[in-house]
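Notes to accompany the following structure.
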Amino acid sequence: MSKKAPEFNASSMADIAFLLLIFFLVTTTMDIDMGITRKLPPPPDTSVKAPDINERNIFQILVNKNDKLLVNGKPGNIRDLKTQVKDFILNPYNRANLSEKKVVNINYLGEVNISKGIISLQNDRGTSYEMYIKVQNELAAAFKDMRNNLSQEKLGMKYEDLSRKEYLDAINKAIPVAISEAEPKNVGE
């Protein structure tokens, strides 16, 4: 005589699994890609002539299909890009080969040297998305550092900690983000 094993009632297992699923969905955070924060300019007015820009006020960055940088006509390195951009825009020693500056009186900041410099970025159609993002990150980091330094010097706090719109506008006016990004093309090796 063999003894039959009692059956296990599994009817509530589906309910428990469903509750666990709901618990994990509610408590898990999802990463959200933020993208690149840029405010695009309005379309150009074809009746207005483009202003003449002094050659010394243009900082050229070319990225080829092999993800190699050419910075102002010389081979460049992504690790040095942030420092090169800051030196070009700030031009602390008034070098003739870096951007010109003009002195402007800005509310809350007083007299400030504003750069006439423009960062010109040109990518190849074959440039990797990863390299494109690296270059954009370095450019954004350079402007963030410059704004933080000016904010610390003039207002005593970091740019990202400023809460008054007037202060933010003053720092943005003193260090405008002037990046010109041309349509990708084949820039070569």
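Each chain in the structure tokens gets a letter, A, B and so on, in the order shown; residues start at 1 in every chain, and ligands are counted from 1 in the order they appear.
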
Could you please write out, as a ChimeraX atom specification, every residue of chain A that DSSP assigns to strand (DSSP E)?
/A:58-63,69-71,74-76,101-106,110-115,118-123,179-181

Contacts of segment 171-179 of chain A within 6 Å, only C-alpha atoms, excl. fewer than 3 positions in-chain, as a PDB file with N, CA and C atoms, in the first residue's frame:
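That gives us out.pdb:
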```pdb
ATOM      1  N   ILE A 114      34.319  90.726 -22.097  1.00  0.00           N
ATOM      2  CA  ILE A 114      33.505  89.766 -22.836  1.00  0.00           C
ATOM      3  C   ILE A 114      34.258  89.388 -24.099  1.00  0.00           C
ATOM      4  N   ILE A 118      34.272  82.813 -31.083  1.00  0.00           N
ATOM      5  CA  ILE A 118      33.251  81.875 -31.527  1.00  0.00           C
ATOM      6  C   ILE A 118      33.922  80.516 -31.716  1.00  0.00           C
ATOM      7  N   ILE A 119      33.284  79.475 -31.193  1.00  0.00           N
ATOM      8  CA  ILE A 119      33.764  78.117 -31.387  1.00  0.00           C
ATOM      9  C   ILE A 119      33.075  77.570 -32.631  1.00  0.00           C
ATOM     10  N   SER A 120      33.860  77.192 -33.636  1.00  0.00           N
ATOM     11  CA  SER A 120      33.323  76.644 -34.880  1.00  0.00           C
ATOM     12  C   SER A 120      33.585  75.145 -34.886  1.00  0.00           C
ATOM     13  N   LEU A 168      21.806  85.056 -12.960  1.00  0.00           N
ATOM     14  CA  LEU A 168      22.020  84.103 -14.052  1.00  0.00           C
ATOM     15  C   LEU A 168      22.142  84.831 -15.389  1.00  0.00           C
TER      16      LEU A 168
END
```

Show which residues sit within 12 Å of Gly76 of chain A, as a tab-separated table (two decimals) with N, CA and C atoms, in the first residue's frame. Count only C-alpha atoms, and ignore same-chain residues fewer than 5 positions away.
```
chain	number	residue	atom	x	y	z
A	60	GLN	N	38.54	76.90	-34.45
A	60	GLN	CA	38.03	75.84	-35.31
A	60	GLN	C	38.33	74.47	-34.75
A	61	ILE	N	37.29	73.64	-34.70
A	61	ILE	CA	37.43	72.24	-34.30
A	61	ILE	C	36.85	71.40	-35.43
A	62	LEU	N	37.68	70.55	-36.00
A	62	LEU	CA	37.23	69.62	-37.03
A	62	LEU	C	37.39	68.20	-36.48
A	63	VAL	N	36.37	67.37	-36.70
A	63	VAL	CA	36.42	65.96	-36.28
A	63	VAL	C	36.22	65.13	-37.53
A	64	ASN	N	37.22	64.28	-37.86
A	64	ASN	CA	37.13	63.50	-39.09
A	64	ASN	C	36.41	62.18	-38.87
A	67	ASP	N	37.44	59.91	-36.03
A	67	ASP	CA	37.31	60.51	-34.70
A	67	ASP	C	38.58	61.22	-34.24
A	68	LYS	N	39.36	61.73	-35.18
A	68	LYS	CA	40.56	62.50	-34.86
A	68	LYS	C	40.20	63.98	-34.89
A	69	LEU	N	40.78	64.75	-33.96
A	69	LEU	CA	40.51	66.18	-33.88
A	69	LEU	C	41.58	66.99	-34.61
A	70	LEU	N	41.14	68.05	-35.22
A	70	LEU	CA	42.02	69.06	-35.78
A	70	LEU	C	41.58	70.37	-35.15
A	71	VAL	N	42.42	70.93	-34.29
A	71	VAL	CA	42.07	72.13	-33.54
A	71	VAL	C	42.92	73.28	-34.06
A	81	LEU	N	40.93	69.64	-24.96
A	81	LEU	CA	39.98	70.54	-25.62
A	81	LEU	C	39.37	71.55	-24.66
A	82	LYS	N	38.96	71.14	-23.48
A	82	LYS	CA	38.34	72.05	-22.52
A	82	LYS	C	39.29	73.19	-22.15
A	83	THR	N	40.53	72.86	-21.87
A	83	THR	CA	41.52	73.88	-21.50
A	83	THR	C	41.79	74.82	-22.67
A	84	GLN	N	41.88	74.26	-23.89
A	84	GLN	CA	42.13	75.10	-25.06
A	84	GLN	C	40.98	76.07	-25.30
A	85	VAL	N	39.75	75.61	-25.13
A	85	VAL	CA	38.58	76.48	-25.32
A	85	VAL	C	38.59	77.59	-24.27
A	135	VAL	N	33.03	65.63	-27.64
A	135	VAL	CA	33.38	67.02	-27.99
A	135	VAL	C	32.36	67.98	-27.39
```

Fewer than 3 positions away in the same chain doesn't count, so skip those; otherwise give me all residues within 7 Å of Lys101 of chain A, counting only C-alpha atoms, as JSON, numbers by chain.
{"A": [113, 114, 115, 116]}

Dump of C-alpha atoms for the selected residues, as a compact mmCIF listing (two decimals), in the first residue's frame:
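Generated file (out-v8.txt):
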```
# COMPACT_ATOMS: atom_id res chain seq x y z
CA ASN A 113 35.81 91.45 -20.34
CA ILE A 114 33.51 89.77 -22.84
CA SER A 115 35.08 87.59 -25.49
CA LYS A 116 34.29 88.07 -29.16
```

Secondary structure check, helix (DSSP H, G or I) residues of chain A, as a ChimeraX atom specification
/A:13-27,55-57,78-90,129-155,159-161,165-174

Selection from above, C-alpha atoms, as an mmCIF file, in the first residue's frame, can you write it?
```cif
data_model
loop_
_atom_site.group_PDB
_atom_site.id
_atom_site.type_symbol
_atom_site.label_atom_id
_atom_site.label_comp_id
_atom_site.auth_asym_id
_atom_site.auth_seq_id
_atom_site.Cartn_x
_atom_site.Cartn_y
_atom_site.Cartn_z
ATOM 1 C CA MET A 13 1.256 31.602 -6.452
ATOM 2 C CA ALA A 14 0.079 33.704 -9.404
ATOM 3 C CA ASP A 15 -1.164 36.389 -7.008
ATOM 4 C CA ILE A 16 2.161 36.429 -5.166
ATOM 5 C CA ALA A 17 4.132 36.635 -8.426
ATOM 6 C CA PHE A 18 1.930 39.487 -9.622
ATOM 7 C CA LEU A 19 2.421 41.392 -6.341
ATOM 8 C CA LEU A 20 6.207 40.925 -6.564
ATOM 9 C CA LEU A 21 6.166 42.206 -10.133
ATOM 10 C CA ILE A 22 4.202 45.299 -9.107
ATOM 11 C CA PHE A 23 6.575 45.867 -6.165
ATOM 12 C CA PHE A 24 9.664 45.784 -8.402
ATOM 13 C CA LEU A 25 8.070 48.017 -11.037
ATOM 14 C CA VAL A 26 7.158 50.626 -8.415
ATOM 15 C CA THR A 27 10.509 50.607 -6.590
ATOM 16 C CA GLU A 55 39.838 85.419 -38.125
ATOM 17 C CA ARG A 56 41.479 85.503 -34.686
ATOM 18 C CA ASN A 57 38.032 85.257 -33.061
ATOM 19 C CA ILE A 78 39.945 65.444 -26.562
ATOM 20 C CA ARG A 79 41.573 65.656 -23.096
ATOM 21 C CA ASP A 80 43.047 69.083 -23.897
ATOM 22 C CA LEU A 81 39.976 70.538 -25.618
ATOM 23 C CA LYS A 82 38.339 72.049 -22.518
ATOM 24 C CA THR A 83 41.525 73.883 -21.504
ATOM 25 C CA GLN A 84 42.128 75.096 -25.062
ATOM 26 C CA VAL A 85 38.583 76.481 -25.320
ATOM 27 C CA LYS A 86 38.876 78.259 -21.951
ATOM 28 C CA ASP A 87 42.246 79.783 -22.906
ATOM 29 C CA PHE A 88 40.851 80.934 -26.254
ATOM 30 C CA ILE A 89 37.679 82.506 -24.839
ATOM 31 C CA LEU A 90 39.232 84.075 -21.726
ATOM 32 C CA TYR A 129 28.154 59.595 -32.154
ATOM 33 C CA GLU A 130 30.357 58.827 -29.148
ATOM 34 C CA MET A 131 33.063 61.250 -30.318
ATOM 35 C CA TYR A 132 30.472 63.891 -31.159
ATOM 36 C CA ILE A 133 29.101 63.669 -27.602
ATOM 37 C CA LYS A 134 32.626 63.786 -26.119
ATOM 38 C CA VAL A 135 33.376 67.019 -27.993
ATOM 39 C CA GLN A 136 30.030 68.531 -26.972
ATOM 40 C CA ASN A 137 30.668 67.546 -23.330
ATOM 41 C CA GLU A 138 34.096 69.197 -23.361
ATOM 42 C CA LEU A 139 32.656 72.396 -24.846
ATOM 43 C CA ALA A 140 29.835 72.456 -22.280
ATOM 44 C CA ALA A 141 32.309 71.776 -19.434
ATOM 45 C CA ALA A 142 34.547 74.641 -20.580
ATOM 46 C CA PHE A 143 31.676 77.169 -20.534
ATOM 47 C CA LYS A 144 30.397 75.776 -17.225
ATOM 48 C CA ASP A 145 33.848 76.216 -15.632
ATOM 49 C CA MET A 146 34.183 79.772 -16.952
ATOM 50 C CA ARG A 147 30.729 80.705 -15.667
ATOM 51 C CA ASN A 148 31.391 79.078 -12.283
ATOM 52 C CA ASN A 149 34.696 80.936 -11.913
ATOM 53 C CA LEU A 150 33.185 84.311 -12.821
ATOM 54 C CA SER A 151 30.203 83.698 -10.547
ATOM 55 C CA GLN A 152 32.506 82.764 -7.633
ATOM 56 C CA GLU A 153 34.671 85.831 -8.258
ATOM 57 C CA LYS A 154 31.859 88.383 -8.655
ATOM 58 C CA LEU A 155 28.940 86.921 -6.667
ATOM 59 C CA TYR A 159 26.826 79.502 -11.186
ATOM 60 C CA GLU A 160 24.692 76.386 -10.659
ATOM 61 C CA ASP A 161 23.803 77.577 -7.129
ATOM 62 C CA LYS A 165 17.304 85.252 -12.551
ATOM 63 C CA GLU A 166 19.130 88.604 -12.661
ATOM 64 C CA TYR A 167 22.391 86.953 -11.558
ATOM 65 C CA LEU A 168 22.020 84.103 -14.052
ATOM 66 C CA ASP A 169 21.313 86.567 -16.868
ATOM 67 C CA ALA A 170 24.339 88.672 -15.903
ATOM 68 C CA ILE A 171 26.700 85.679 -15.954
ATOM 69 C CA ASN A 172 25.177 84.436 -19.243
ATOM 70 C CA LYS A 173 25.705 87.885 -20.762
ATOM 71 C CA ALA A 174 29.322 87.995 -19.545
#
```

Atom CA of Asn77 of chain A and atom CA of Ala96 of chain A, how far apart in Å?
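Taking atom CA of Ala96 of chain A as the start and atom CA of Asn77 of chain A as the end point, the length is 23.1 Å.
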
Using only C-alpha atoms, pick whichever of A:Val103, A:Lys158, A:Lys65, A:Leu98 has the shortest atom-to-atom distance to Pro184 of chain A.
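Nearest candidate to Pro184 of chain A out of A:Val103, A:Lys158, A:Lys65, A:Leu98: A:Lys65.
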
Between atom CA of Ser180 of chain A and atom CA of Gln122 of chain A, measure the distance and give it in Å to one decimal.
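Atom CA of Ser180 of chain A sits 8.6 Å away from atom CA of Gln122 of chain A.
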
Interatomic distance between atom CA of Lys49 of chain A and atom CA of Lys102 of chain A?
22.7 Å

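Closest approach to Asn91 of chain A among A:Ser12, A:Ala5, A:Thr29, A:Gly117: A:Gly117, based on only C-alpha atoms.
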